[in-house]
Amino acid sequence: MLRLHCHPDGLASTIVEIGPDLRSRLTEFVIALRAERPCFVLADPRAVVGLGLEADLWVEGGESAKTWPQLGATLEALAAHQLDRAGVVVAIGGGSLGDLGGLAASLWLRGVGLVMVPTTLLSMVDSSVGGKTAVNLPRGKNLVGTFWSAERVRIDPEFLTTLPEPEYRSGLGEVLKVAIGLDAELAEHCERAHAALLARDADAVGIAVQRCLEAKIRIVEADPREGGLRRLLNLGHTLGHALEADSGYAIPHGITVARGIYHVLELAERTGHCGAADAARGRRLLERFGFEAHEVPAAMVLRNYLVQDKKRQGARIHAVLPTGIGSSKVVSMDLDGFLQGID
Ligand code: GLY
């Protein structure tokens, strides 16, 4: 089993365990944890089919889990369970369950322990590490949240074998975000092993998961509360969040992020922040994974969503632009400048 450690200043440390038998031993792990300390298990029933797991609250994953009413229901369930201050919330599922469970853990009794078992590619490579928790409001995504790190994250890529294709592709969007924005070696791996990654080959996926987590840990340790460097993890997210909201959250997050990365590659090339060859290579990489530059809603429609973006500062946004393959930077832009190239 591989162990990674994340020690962000001012947030609790996280031990990330990546291993091949963690899925098959999940029920055993939860029983042992319950014997050690009070536990509240929040799980997505679709993620644990056939494992015989007993959860205290079942919530289906997806953006419908990340609502204010669902947060209230989760806190009510914690109250009924009488989880005490020594207790731990165990969130088993994708990013939405992690965001919901993490937020509830940070609020209940002003904060109890959190263990995450991410079961989707997106939650394995991104959302389970770094302490961001959130629910959405009708006016925008992730508008209510806290920073609350998991003590432990247990990852087994075996969960991915039964993941529905759109959700797997959504995770690949986040992998390509790290490859294009932060890690040239991961980009080379994705180029070389794109067929194996699309086929969910365990070795190819394992390398991608590990490299994404290593990059994320480096960034989160340097800037836990997103004062600067951590903004780089938002590559593709400004347009991505707008597209996601415009679809009524029907299009999975990472798929809209991939479309957003395509846009910022073009924008970075047009504004001289990224050379033409690297921008073309980035777009080719996205296309190899089936993320072609499909049509998006009109700039006027997208603008309305960008105005609600929580990363906006007045009339300007922090746009993350690739500067090459494996590197990126934050550029302050007005909304119209960011939407250049979209009619
Ligand atoms: N998903 C972006 C971040 O954790 O900062």
# chains A, B, ... in the order shown; residues from 1 in each chain; ligands from 1
>>> residues_around(residues="His263 of chain A", least_positions_apart="2", cutoff="12 Å", atoms="only C-alpha atoms", output="count of residues only")
39
>>> residues_near_ligand(ligand="ligand 1", cutoff="10 Å", atoms="only C-alpha atoms and all ligand atoms", output="PDB file with all heavy atoms, in the first residue's frame")
ATOM      1  N   GLY A  95     -17.326  12.869  -5.177  1.00  0.00           N
ATOM      2  CA  GLY A  95     -17.012  14.199  -4.665  1.00  0.00           C
ATOM      3  C   GLY A  95     -18.177  14.848  -3.938  1.00  0.00           C
ATOM      4  O   GLY A  95     -17.982  15.563  -2.957  1.00  0.00           O
ATOM      5  N   LEU A 122     -12.852  11.352 -10.007  1.00  0.00           N
ATOM      6  CA  LEU A 122     -12.749  12.765  -9.660  1.00  0.00           C
ATOM      7  C   LEU A 122     -12.440  12.949  -8.172  1.00  0.00           C
ATOM      8  O   LEU A 122     -11.576  13.741  -7.794  1.00  0.00           O
ATOM      9  CB  LEU A 122     -14.049  13.482 -10.034  1.00  0.00           C
ATOM     10  CG  LEU A 122     -14.038  14.997  -9.835  1.00  0.00           C
ATOM     11  CD1 LEU A 122     -14.780  15.677 -10.967  1.00  0.00           C
ATOM     12  CD2 LEU A 122     -14.636  15.392  -8.508  1.00  0.00           C
ATOM     13  N   SER A 123     -13.120  12.188  -7.331  1.00  0.00           N
ATOM     14  CA  SER A 123     -12.874  12.369  -5.891  1.00  0.00           C
ATOM     15  C   SER A 123     -11.528  11.778  -5.490  1.00  0.00           C
ATOM     16  O   SER A 123     -10.892  12.254  -4.555  1.00  0.00           O
ATOM     17  CB  SER A 123     -14.020  11.783  -5.061  1.00  0.00           C
ATOM     18  OG  SER A 123     -14.228  10.432  -5.373  1.00  0.00           O
ATOM     19  N   VAL A 125      -8.731  11.827  -7.398  1.00  0.00           N
ATOM     20  CA  VAL A 125      -7.604  12.649  -7.861  1.00  0.00           C
ATOM     21  C   VAL A 125      -7.694  14.089  -7.365  1.00  0.00           C
ATOM     22  O   VAL A 125      -6.726  14.822  -7.442  1.00  0.00           O
ATOM     23  CB  VAL A 125      -7.459  12.657  -9.408  1.00  0.00           C
ATOM     24  CG1 VAL A 125      -7.212  11.268  -9.926  1.00  0.00           C
ATOM     25  CG2 VAL A 125      -8.666  13.295 -10.096  1.00  0.00           C
ATOM     26  N   ASP A 126      -8.871  14.497  -6.883  1.00  0.00           N
ATOM     27  CA  ASP A 126      -8.985  15.916  -6.544  1.00  0.00           C
ATOM     28  C   ASP A 126      -9.690  16.186  -5.222  1.00  0.00           C
ATOM     29  O   ASP A 126      -9.073  16.607  -4.253  1.00  0.00           O
ATOM     30  CB  ASP A 126      -9.697  16.662  -7.693  1.00  0.00           C
ATOM     31  CG  ASP A 126      -9.733  18.157  -7.474  1.00  0.00           C
ATOM     32  OD1 ASP A 126      -8.677  18.715  -7.125  1.00  0.00           O
ATOM     33  OD2 ASP A 126     -10.802  18.766  -7.620  1.00  0.00           O
ATOM     34  N   SER A 127     -11.001  15.899  -5.150  1.00  0.00           N
ATOM     35  CA  SER A 127     -11.780  16.529  -4.078  1.00  0.00           C
ATOM     36  C   SER A 127     -11.593  15.927  -2.692  1.00  0.00           C
ATOM     37  O   SER A 127     -11.942  16.554  -1.700  1.00  0.00           O
ATOM     38  CB  SER A 127     -13.264  16.539  -4.457  1.00  0.00           C
ATOM     39  OG  SER A 127     -13.735  15.228  -4.637  1.00  0.00           O
ATOM     40  N   SER A 128     -11.029  14.700  -2.593  1.00  0.00           N
ATOM     41  CA  SER A 128     -10.924  14.101  -1.257  1.00  0.00           C
ATOM     42  C   SER A 128      -9.753  14.684  -0.465  1.00  0.00           C
ATOM     43  O   SER A 128      -9.674  14.512   0.743  1.00  0.00           O
ATOM     44  CB  SER A 128     -10.773  12.581  -1.367  1.00  0.00           C
ATOM     45  OG  SER A 128      -9.608  12.274  -2.111  1.00  0.00           O
ATOM     46  N   VAL A 129      -8.838  15.360  -1.144  1.00  0.00           N
ATOM     47  CA  VAL A 129      -7.668  15.921  -0.470  1.00  0.00           C
ATOM     48  C   VAL A 129      -7.715  17.442  -0.580  1.00  0.00           C
ATOM     49  O   VAL A 129      -8.079  17.988  -1.618  1.00  0.00           O
ATOM     50  CB  VAL A 129      -6.368  15.370  -1.115  1.00  0.00           C
ATOM     51  CG1 VAL A 129      -5.133  16.082  -0.588  1.00  0.00           C
ATOM     52  CG2 VAL A 129      -6.267  13.878  -0.856  1.00  0.00           C
ATOM     53  N   GLY A 130      -7.357  18.121   0.494  1.00  0.00           N
ATOM     54  CA  GLY A 130      -7.258  19.581   0.428  1.00  0.00           C
ATOM     55  C   GLY A 130      -8.294  20.300   1.248  1.00  0.00           C
ATOM     56  O   GLY A 130      -8.243  21.520   1.373  1.00  0.00           O
ATOM     57  N   GLY A 131      -9.270  19.557   1.808  1.00  0.00           N
ATOM     58  CA  GLY A 131     -10.134  20.133   2.835  1.00  0.00           C
ATOM     59  C   GLY A 131     -11.282  21.008   2.367  1.00  0.00           C
ATOM     60  O   GLY A 131     -11.971  21.590   3.184  1.00  0.00           O
ATOM     61  N   LYS A 132     -11.516  21.116   1.039  1.00  0.00           N
ATOM     62  CA  LYS A 132     -12.653  21.945   0.630  1.00  0.00           C
ATOM     63  C   LYS A 132     -13.946  21.161   0.827  1.00  0.00           C
ATOM     64  O   LYS A 132     -14.046  20.013   0.387  1.00  0.00           O
ATOM     65  CB  LYS A 132     -12.534  22.347  -0.836  1.00  0.00           C
ATOM     66  CG  LYS A 132     -11.569  23.484  -1.074  1.00  0.00           C
ATOM     67  CD  LYS A 132     -11.667  23.974  -2.512  1.00  0.00           C
ATOM     68  CE  LYS A 132     -10.728  25.118  -2.772  1.00  0.00           C
ATOM     69  NZ  LYS A 132     -10.740  25.527  -4.194  1.00  0.00           N
ATOM     70  N   THR A 133     -14.929  21.788   1.475  1.00  0.00           N
ATOM     71  CA  THR A 133     -16.245  21.163   1.629  1.00  0.00           C
ATOM     72  C   THR A 133     -17.271  22.161   1.096  1.00  0.00           C
ATOM     73  O   THR A 133     -16.987  23.359   1.092  1.00  0.00           O
ATOM     74  CB  THR A 133     -16.575  20.885   3.115  1.00  0.00           C
ATOM     75  OG1 THR A 133     -16.993  22.107   3.731  1.00  0.00           O
ATOM     76  CG2 THR A 133     -15.390  20.290   3.861  1.00  0.00           C
ATOM     77  N   PHE A 147     -13.231  24.918   5.114  1.00  0.00           N
ATOM     78  CA  PHE A 147     -12.031  24.102   4.916  1.00  0.00           C
ATOM     79  C   PHE A 147     -11.971  23.123   6.080  1.00  0.00           C
ATOM     80  O   PHE A 147     -11.909  23.542   7.242  1.00  0.00           O
ATOM     81  CB  PHE A 147     -10.768  24.980   4.924  1.00  0.00           C
ATOM     82  CG  PHE A 147     -10.565  25.759   3.661  1.00  0.00           C
ATOM     83  CD1 PHE A 147     -10.887  27.110   3.590  1.00  0.00           C
ATOM     84  CD2 PHE A 147     -10.035  25.145   2.533  1.00  0.00           C
ATOM     85  CE1 PHE A 147     -10.692  27.831   2.418  1.00  0.00           C
ATOM     86  CE2 PHE A 147      -9.838  25.858   1.358  1.00  0.00           C
ATOM     87  CZ  PHE A 147     -10.161  27.196   1.304  1.00  0.00           C
ATOM     88  N   GLU A 174     -10.413  16.043 -14.849  1.00  0.00           N
ATOM     89  CA  GLU A 174      -9.589  16.591 -13.752  1.00  0.00           C
ATOM     90  C   GLU A 174      -8.143  16.092 -13.867  1.00  0.00           C
ATOM     91  O   GLU A 174      -7.212  16.807 -13.526  1.00  0.00           O
ATOM     92  CB  GLU A 174     -10.179  16.214 -12.391  1.00  0.00           C
ATOM     93  CG  GLU A 174     -11.468  16.942 -12.050  1.00  0.00           C
ATOM     94  CD  GLU A 174     -11.279  18.398 -11.572  1.00  0.00           C
ATOM     95  OE1 GLU A 174     -10.139  18.810 -11.286  1.00  0.00           O
ATOM     96  OE2 GLU A 174     -12.285  19.118 -11.503  1.00  0.00           O
ATOM     97  N   LYS A 216      -1.401  17.758  -6.129  1.00  0.00           N
ATOM     98  CA  LYS A 216      -2.378  18.469  -5.291  1.00  0.00           C
ATOM     99  C   LYS A 216      -1.812  18.726  -3.904  1.00  0.00           C
ATOM    100  O   LYS A 216      -1.973  19.814  -3.335  1.00  0.00           O
ATOM    101  CB  LYS A 216      -3.679  17.662  -5.212  1.00  0.00           C
ATOM    102  CG  LYS A 216      -4.674  18.324  -4.284  1.00  0.00           C
ATOM    103  CD  LYS A 216      -6.044  18.410  -4.823  1.00  0.00           C
ATOM    104  CE  LYS A 216      -6.871  19.398  -4.014  1.00  0.00           C
ATOM    105  NZ  LYS A 216      -8.263  19.358  -4.313  1.00  0.00           N
ATOM    106  N   ILE A 217      -1.136  17.724  -3.338  1.00  0.00           N
ATOM    107  CA  ILE A 217      -0.572  17.881  -1.990  1.00  0.00           C
ATOM    108  C   ILE A 217       0.470  19.006  -1.977  1.00  0.00           C
ATOM    109  O   ILE A 217       0.487  19.845  -1.081  1.00  0.00           O
ATOM    110  CB  ILE A 217       0.005  16.527  -1.489  1.00  0.00           C
ATOM    111  CG1 ILE A 217      -1.151  15.566  -1.197  1.00  0.00           C
ATOM    112  CG2 ILE A 217       0.887  16.717  -0.262  1.00  0.00           C
ATOM    113  CD1 ILE A 217      -0.738  14.134  -0.899  1.00  0.00           C
ATOM    114  N   ILE A 219       0.598  21.635  -3.812  1.00  0.00           N
ATOM    115  CA  ILE A 219      -0.076  22.937  -3.912  1.00  0.00           C
ATOM    116  C   ILE A 219      -0.810  23.283  -2.618  1.00  0.00           C
ATOM    117  O   ILE A 219      -0.729  24.402  -2.111  1.00  0.00           O
ATOM    118  CB  ILE A 219      -1.074  22.923  -5.090  1.00  0.00           C
ATOM    119  CG1 ILE A 219      -0.321  22.691  -6.382  1.00  0.00           C
ATOM    120  CG2 ILE A 219      -1.975  24.141  -5.102  1.00  0.00           C
ATOM    121  CD1 ILE A 219      -0.374  23.762  -7.395  1.00  0.00           C
ATOM    122  N   VAL A 220      -1.527  22.309  -2.079  1.00  0.00           N
ATOM    123  CA  VAL A 220      -2.326  22.567  -0.875  1.00  0.00           C
ATOM    124  C   VAL A 220      -1.408  22.869   0.318  1.00  0.00           C
ATOM    125  O   VAL A 220      -1.714  23.726   1.153  1.00  0.00           O
ATOM    126  CB  VAL A 220      -3.254  21.351  -0.593  1.00  0.00           C
ATOM    127  CG1 VAL A 220      -3.826  21.410   0.802  1.00  0.00           C
ATOM    128  CG2 VAL A 220      -4.373  21.306  -1.624  1.00  0.00           C
ATOM    129  N   ASP A 223      -0.341  26.476  -0.121  1.00  0.00           N
ATOM    130  CA  ASP A 223      -1.388  27.512  -0.083  1.00  0.00           C
ATOM    131  C   ASP A 223      -2.731  26.871   0.272  1.00  0.00           C
ATOM    132  O   ASP A 223      -3.608  26.731  -0.581  1.00  0.00           O
ATOM    133  CB  ASP A 223      -1.469  28.196  -1.473  1.00  0.00           C
ATOM    134  CG  ASP A 223      -2.605  29.208  -1.552  1.00  0.00           C
ATOM    135  OD1 ASP A 223      -3.038  29.720  -0.496  1.00  0.00           O
ATOM    136  OD2 ASP A 223      -3.061  29.485  -2.679  1.00  0.00           O
ATOM    137  N   PRO A 224      -2.901  26.481   1.549  1.00  0.00           N
ATOM    138  CA  PRO A 224      -4.103  25.713   1.911  1.00  0.00           C
ATOM    139  C   PRO A 224      -5.414  26.463   1.651  1.00  0.00           C
ATOM    140  O   PRO A 224      -6.404  25.849   1.287  1.00  0.00           O
ATOM    141  CB  PRO A 224      -3.934  25.448   3.409  1.00  0.00           C
ATOM    142  CG  PRO A 224      -2.545  25.822   3.757  1.00  0.00           C
ATOM    143  CD  PRO A 224      -1.983  26.678   2.675  1.00  0.00           C
ATOM    144  N   ARG A 225      -5.423  27.777   1.854  1.00  0.00           N
ATOM    145  CA  ARG A 225      -6.712  28.501   1.784  1.00  0.00           C
ATOM    146  C   ARG A 225      -6.913  29.306   0.509  1.00  0.00           C
ATOM    147  O   ARG A 225      -7.689  30.250   0.454  1.00  0.00           O
ATOM    148  CB  ARG A 225      -6.877  29.394   3.023  1.00  0.00           C
ATOM    149  CG  ARG A 225      -7.144  28.556   4.256  1.00  0.00           C
ATOM    150  CD  ARG A 225      -7.264  29.371   5.503  1.00  0.00           C
ATOM    151  NE  ARG A 225      -7.340  28.493   6.647  1.00  0.00           N
ATOM    152  CZ  ARG A 225      -8.473  28.007   7.158  1.00  0.00           C
ATOM    153  NH1 ARG A 225      -9.636  28.366   6.641  1.00  0.00           N
ATOM    154  NH2 ARG A 225      -8.446  27.188   8.174  1.00  0.00           N
ATOM    155  N   GLU A 226      -6.183  28.919  -0.534  1.00  0.00           N
ATOM    156  CA  GLU A 226      -6.356  29.517  -1.860  1.00  0.00           C
ATOM    157  C   GLU A 226      -6.145  31.025  -1.870  1.00  0.00           C
ATOM    158  O   GLU A 226      -6.972  31.787  -2.389  1.00  0.00           O
ATOM    159  CB  GLU A 226      -7.740  29.160  -2.437  1.00  0.00           C
ATOM    160  CG  GLU A 226      -7.745  29.259  -3.954  1.00  0.00           C
ATOM    161  CD  GLU A 226      -9.002  28.680  -4.594  1.00  0.00           C
ATOM    162  OE1 GLU A 226      -9.293  27.496  -4.347  1.00  0.00           O
ATOM    163  OE2 GLU A 226      -9.658  29.407  -5.337  1.00  0.00           O
ATOM    164  N   LEU A 229      -1.376  30.372  -5.013  1.00  0.00           N
ATOM    165  CA  LEU A 229      -0.989  29.211  -5.820  1.00  0.00           C
ATOM    166  C   LEU A 229      -2.134  28.202  -6.042  1.00  0.00           C
ATOM    167  O   LEU A 229      -2.285  27.621  -7.118  1.00  0.00           O
ATOM    168  CB  LEU A 229       0.195  28.501  -5.123  1.00  0.00           C
ATOM    169  CG  LEU A 229       0.923  27.452  -5.931  1.00  0.00           C
ATOM    170  CD1 LEU A 229       1.666  28.098  -7.100  1.00  0.00           C
ATOM    171  CD2 LEU A 229       1.932  26.684  -5.044  1.00  0.00           C
ATOM    172  N   ARG A 230      -2.961  28.004  -5.017  1.00  0.00           N
ATOM    173  CA  ARG A 230      -4.020  26.991  -5.131  1.00  0.00           C
ATOM    174  C   ARG A 230      -5.016  27.326  -6.245  1.00  0.00           C
ATOM    175  O   ARG A 230      -5.724  26.454  -6.728  1.00  0.00           O
ATOM    176  CB  ARG A 230      -4.732  26.801  -3.780  1.00  0.00           C
ATOM    177  CG  ARG A 230      -5.708  25.645  -3.798  1.00  0.00           C
ATOM    178  CD  ARG A 230      -6.133  25.187  -2.429  1.00  0.00           C
ATOM    179  NE  ARG A 230      -7.126  24.133  -2.553  1.00  0.00           N
ATOM    180  CZ  ARG A 230      -7.565  23.386  -1.562  1.00  0.00           C
ATOM    181  NH1 ARG A 230      -7.102  23.572  -0.347  1.00  0.00           N
ATOM    182  NH2 ARG A 230      -8.481  22.456  -1.770  1.00  0.00           N
ATOM    183  N   ARG A 231      -5.049  28.608  -6.632  1.00  0.00           N
ATOM    184  CA  ARG A 231      -5.954  28.978  -7.743  1.00  0.00           C
ATOM    185  C   ARG A 231      -5.621  28.184  -8.999  1.00  0.00           C
ATOM    186  O   ARG A 231      -6.469  28.002  -9.864  1.00  0.00           O
ATOM    187  CB  ARG A 231      -5.840  30.470  -8.051  1.00  0.00           C
ATOM    188  CG  ARG A 231      -6.417  31.321  -6.963  1.00  0.00           C
ATOM    189  CD  ARG A 231      -6.460  32.779  -7.363  1.00  0.00           C
ATOM    190  NE  ARG A 231      -6.892  33.559  -6.220  1.00  0.00           N
ATOM    191  CZ  ARG A 231      -6.266  34.628  -5.745  1.00  0.00           C
ATOM    192  NH1 ARG A 231      -5.184  35.086  -6.350  1.00  0.00           N
ATOM    193  NH2 ARG A 231      -6.709  35.257  -4.685  1.00  0.00           N
ATOM    194  N   LEU A 232      -4.365  27.732  -9.112  1.00  0.00           N
ATOM    195  CA  LEU A 232      -3.987  26.973 -10.320  1.00  0.00           C
ATOM    196  C   LEU A 232      -4.819  25.699 -10.457  1.00  0.00           C
ATOM    197  O   LEU A 232      -4.993  25.182 -11.561  1.00  0.00           O
ATOM    198  CB  LEU A 232      -2.494  26.626 -10.308  1.00  0.00           C
ATOM    199  CG  LEU A 232      -1.517  27.806 -10.317  1.00  0.00           C
ATOM    200  CD1 LEU A 232      -0.078  27.307 -10.337  1.00  0.00           C
ATOM    201  CD2 LEU A 232      -1.773  28.732 -11.520  1.00  0.00           C
ATOM    202  N   LEU A 233      -5.331  25.194  -9.317  1.00  0.00           N
ATOM    203  CA  LEU A 233      -6.170  23.982  -9.381  1.00  0.00           C
ATOM    204  C   LEU A 233      -7.528  24.285 -10.007  1.00  0.00           C
ATOM    205  O   LEU A 233      -8.342  23.381 -10.211  1.00  0.00           O
ATOM    206  CB  LEU A 233      -6.366  23.395  -7.979  1.00  0.00           C
ATOM    207  CG  LEU A 233      -5.122  22.803  -7.318  1.00  0.00           C
ATOM    208  CD1 LEU A 233      -5.422  22.413  -5.877  1.00  0.00           C
ATOM    209  CD2 LEU A 233      -4.621  21.576  -8.085  1.00  0.00           C
ATOM    210  N   ASN A 234      -7.787  25.560 -10.285  1.00  0.00           N
ATOM    211  CA  ASN A 234      -9.068  25.935 -10.905  1.00  0.00           C
ATOM    212  C   ASN A 234      -8.963  26.051 -12.428  1.00  0.00           C
ATOM    213  O   ASN A 234      -9.867  26.584 -13.070  1.00  0.00           O
ATOM    214  CB  ASN A 234      -9.572  27.254 -10.322  1.00  0.00           C
ATOM    215  CG  ASN A 234      -9.887  27.126  -8.847  1.00  0.00           C
ATOM    216  OD1 ASN A 234     -10.306  26.062  -8.388  1.00  0.00           O
ATOM    217  ND2 ASN A 234      -9.660  28.185  -8.092  1.00  0.00           N
ATOM    218  N   LEU A 235      -7.880  25.566 -13.009  1.00  0.00           N
ATOM    219  CA  LEU A 235      -7.752  25.603 -14.474  1.00  0.00           C
ATOM    220  C   LEU A 235      -9.012  25.000 -15.120  1.00  0.00           C
ATOM    221  O   LEU A 235      -9.421  23.891 -14.760  1.00  0.00           O
ATOM    222  CB  LEU A 235      -6.510  24.805 -14.909  1.00  0.00           C
ATOM    223  CG  LEU A 235      -6.226  24.776 -16.420  1.00  0.00           C
ATOM    224  CD1 LEU A 235      -5.661  26.112 -16.882  1.00  0.00           C
ATOM    225  CD2 LEU A 235      -5.237  23.672 -16.773  1.00  0.00           C
ATOM    226  N   HIS A 237     -11.989  25.815 -14.685  1.00  0.00           N
ATOM    227  CA  HIS A 237     -13.178  25.800 -13.839  1.00  0.00           C
ATOM    228  C   HIS A 237     -14.085  27.011 -14.033  1.00  0.00           C
ATOM    229  O   HIS A 237     -15.278  26.930 -13.755  1.00  0.00           O
ATOM    230  CB  HIS A 237     -12.786  25.688 -12.360  1.00  0.00           C
ATOM    231  CG  HIS A 237     -12.439  24.289 -11.950  1.00  0.00           C
ATOM    232  ND1 HIS A 237     -11.434  23.565 -12.559  1.00  0.00           N
ATOM    233  CD2 HIS A 237     -12.962  23.470 -10.997  1.00  0.00           C
ATOM    234  CE1 HIS A 237     -11.362  22.373 -11.993  1.00  0.00           C
ATOM    235  NE2 HIS A 237     -12.272  22.284 -11.057  1.00  0.00           N
TER     236      HIS A 237
END
>>> residues_around(residues="Val135 of chain A", least_positions_apart="6", cutoff="9 Å", atoms="only C-alpha atoms", output="VMD selection string")
chain A and resid 63 65 to 68 70 to 71 96 99 to 100 103 141 to 145
>>> write_last_selection(atoms="N, CA, C and O atoms", output="PDB file, in the first residue's frame")
ATOM      1  N   GLU A  63     -25.031  16.213  -7.829  1.00  0.00           N
ATOM      2  CA  GLU A  63     -25.207  17.560  -7.285  1.00  0.00           C
ATOM      3  C   GLU A  63     -26.440  17.652  -6.387  1.00  0.00           C
ATOM      4  O   GLU A  63     -26.530  18.529  -5.529  1.00  0.00           O
ATOM      5  N   ALA A  65     -27.065  15.887  -4.006  1.00  0.00           N
ATOM      6  CA  ALA A  65     -26.638  15.633  -2.623  1.00  0.00           C
ATOM      7  C   ALA A  65     -26.106  16.903  -1.970  1.00  0.00           C
ATOM      8  O   ALA A  65     -26.045  17.000  -0.747  1.00  0.00           O
ATOM      9  N   LYS A  66     -25.715  17.861  -2.821  1.00  0.00           N
ATOM     10  CA  LYS A  66     -25.032  19.048  -2.292  1.00  0.00           C
ATOM     11  C   LYS A  66     -25.987  20.223  -2.161  1.00  0.00           C
ATOM     12  O   LYS A  66     -25.791  21.275  -2.761  1.00  0.00           O
ATOM     13  N   THR A  67     -27.068  20.007  -1.408  1.00  0.00           N
ATOM     14  CA  THR A  67     -28.051  21.078  -1.259  1.00  0.00           C
ATOM     15  C   THR A  67     -28.170  21.452   0.213  1.00  0.00           C
ATOM     16  O   THR A  67     -27.830  20.671   1.108  1.00  0.00           O
ATOM     17  N   TRP A  68     -28.701  22.632   0.439  1.00  0.00           N
ATOM     18  CA  TRP A  68     -28.938  23.128   1.795  1.00  0.00           C
ATOM     19  C   TRP A  68     -29.890  22.172   2.545  1.00  0.00           C
ATOM     20  O   TRP A  68     -29.591  21.773   3.685  1.00  0.00           O
ATOM     21  N   GLN A  70     -30.360  18.981   2.046  1.00  0.00           N
ATOM     22  CA  GLN A  70     -29.666  17.715   2.320  1.00  0.00           C
ATOM     23  C   GLN A  70     -28.634  17.885   3.435  1.00  0.00           C
ATOM     24  O   GLN A  70     -28.412  16.986   4.241  1.00  0.00           O
ATOM     25  N   LEU A  71     -28.023  19.075   3.512  1.00  0.00           N
ATOM     26  CA  LEU A  71     -27.088  19.343   4.617  1.00  0.00           C
ATOM     27  C   LEU A  71     -27.862  19.332   5.940  1.00  0.00           C
ATOM     28  O   LEU A  71     -27.423  18.714   6.922  1.00  0.00           O
ATOM     29  N   SER A  96     -19.403  14.602  -4.416  1.00  0.00           N
ATOM     30  CA  SER A  96     -20.552  15.262  -3.788  1.00  0.00           C
ATOM     31  C   SER A  96     -20.767  14.751  -2.355  1.00  0.00           C
ATOM     32  O   SER A  96     -21.043  15.525  -1.445  1.00  0.00           O
ATOM     33  N   ASP A  99     -18.027  16.271  -0.244  1.00  0.00           N
ATOM     34  CA  ASP A  99     -18.279  17.695   0.044  1.00  0.00           C
ATOM     35  C   ASP A  99     -19.366  17.848   1.107  1.00  0.00           C
ATOM     36  O   ASP A  99     -19.255  18.671   2.021  1.00  0.00           O
ATOM     37  N   LEU A 100     -20.430  17.044   0.960  1.00  0.00           N
ATOM     38  CA  LEU A 100     -21.541  17.104   1.924  1.00  0.00           C
ATOM     39  C   LEU A 100     -21.079  16.585   3.298  1.00  0.00           C
ATOM     40  O   LEU A 100     -21.299  17.227   4.330  1.00  0.00           O
ATOM     41  N   LEU A 103     -18.610  18.943   4.966  1.00  0.00           N
ATOM     42  CA  LEU A 103     -19.232  20.158   5.513  1.00  0.00           C
ATOM     43  C   LEU A 103     -19.995  19.821   6.799  1.00  0.00           C
ATOM     44  O   LEU A 103     -19.876  20.534   7.806  1.00  0.00           O
ATOM     45  N   LYS A 141     -22.631  27.327  -7.626  1.00  0.00           N
ATOM     46  CA  LYS A 141     -22.021  26.092  -7.116  1.00  0.00           C
ATOM     47  C   LYS A 141     -21.052  26.407  -5.971  1.00  0.00           C
ATOM     48  O   LYS A 141     -20.335  27.405  -6.011  1.00  0.00           O
ATOM     49  N   ASN A 142     -21.047  25.543  -4.989  1.00  0.00           N
ATOM     50  CA  ASN A 142     -20.070  25.606  -3.880  1.00  0.00           C
ATOM     51  C   ASN A 142     -20.047  26.955  -3.161  1.00  0.00           C
ATOM     52  O   ASN A 142     -18.993  27.381  -2.681  1.00  0.00           O
ATOM     53  N   LEU A 143     -21.210  27.612  -3.076  1.00  0.00           N
ATOM     54  CA  LEU A 143     -21.194  28.950  -2.467  1.00  0.00           C
ATOM     55  C   LEU A 143     -21.124  28.900  -0.944  1.00  0.00           C
ATOM     56  O   LEU A 143     -20.768  29.880  -0.305  1.00  0.00           O
ATOM     57  N   VAL A 144     -21.481  27.745  -0.348  1.00  0.00           N
ATOM     58  CA  VAL A 144     -21.424  27.613   1.113  1.00  0.00           C
ATOM     59  C   VAL A 144     -20.470  26.485   1.448  1.00  0.00           C
ATOM     60  O   VAL A 144     -20.663  25.351   0.993  1.00  0.00           O
ATOM     61  N   GLY A 145     -19.441  26.772   2.225  1.00  0.00           N
ATOM     62  CA  GLY A 145     -18.509  25.685   2.544  1.00  0.00           C
ATOM     63  C   GLY A 145     -17.497  26.085   3.589  1.00  0.00           C
ATOM     64  O   GLY A 145     -17.506  27.209   4.103  1.00  0.00           O
TER      65      GLY A 145
END
>>> residues_around(residues="Val209 of chain A", least_positions_apart="3", cutoff="7 Å", atoms="only C-alpha atoms", output="ChimeraX atom specification")
/A:124-125,205-206,212-213
>>> select_by_dssp(residues="segment 86-334 of chain A", states="strand (DSSP E or B)", output="PyMOL selection string")
chain A and resi 88-93+113-118+132+135-137+140-144+147+152-155+312-313+316-324+327-334
>>> atom_distance(atom1="atom CA of Trp148 of chain A", atom2="atom CA of Gln308 of chain A")
23.9 Å
>>> residues_around(residues="Thr162 of chain A", least_positions_apart="6", cutoff="10 Å", atoms="only C-alpha atoms", output="PyMOL selection string")
chain A and resi 46-47+49+119-120+168
>>> atom_distance(atom1="atom CA of Thr14 of chain A", atom2="atom CA of Gly62 of chain A")
24.4 Å
>>> select_by_dssp(residues="segment 70-262 of chain A", states="alpha helix (DSSP H)", output="ChimeraX atom specification")
/A:70-81,95-107,121-122,165-181,184-192,194-198,202-222,237-246,253-262
>>> residues_around(residues="Asp246 of chain A", least_positions_apart="6", cutoff="9 Å", atoms="only C-alpha atoms", output="ChimeraX atom specification")
/A:297,301-302,305
>>> atom_distance(atom1="atom CA of Ala250 of chain A", atom2="atom CA of Asn304 of chain A")
18.4 Å
>>> closest_residue(among="A:Glu214, A:Asp309, A:Glu221, A:Glu188", to="Leu137 of chain A", atoms="only C-alpha atoms")
A:Asp309
>>> closest_residue(among="A:Leu53, A:Leu78, A:Ala150, A:Ile180", to="His5 of chain A", atoms="only C-alpha atoms")
A:Ala150
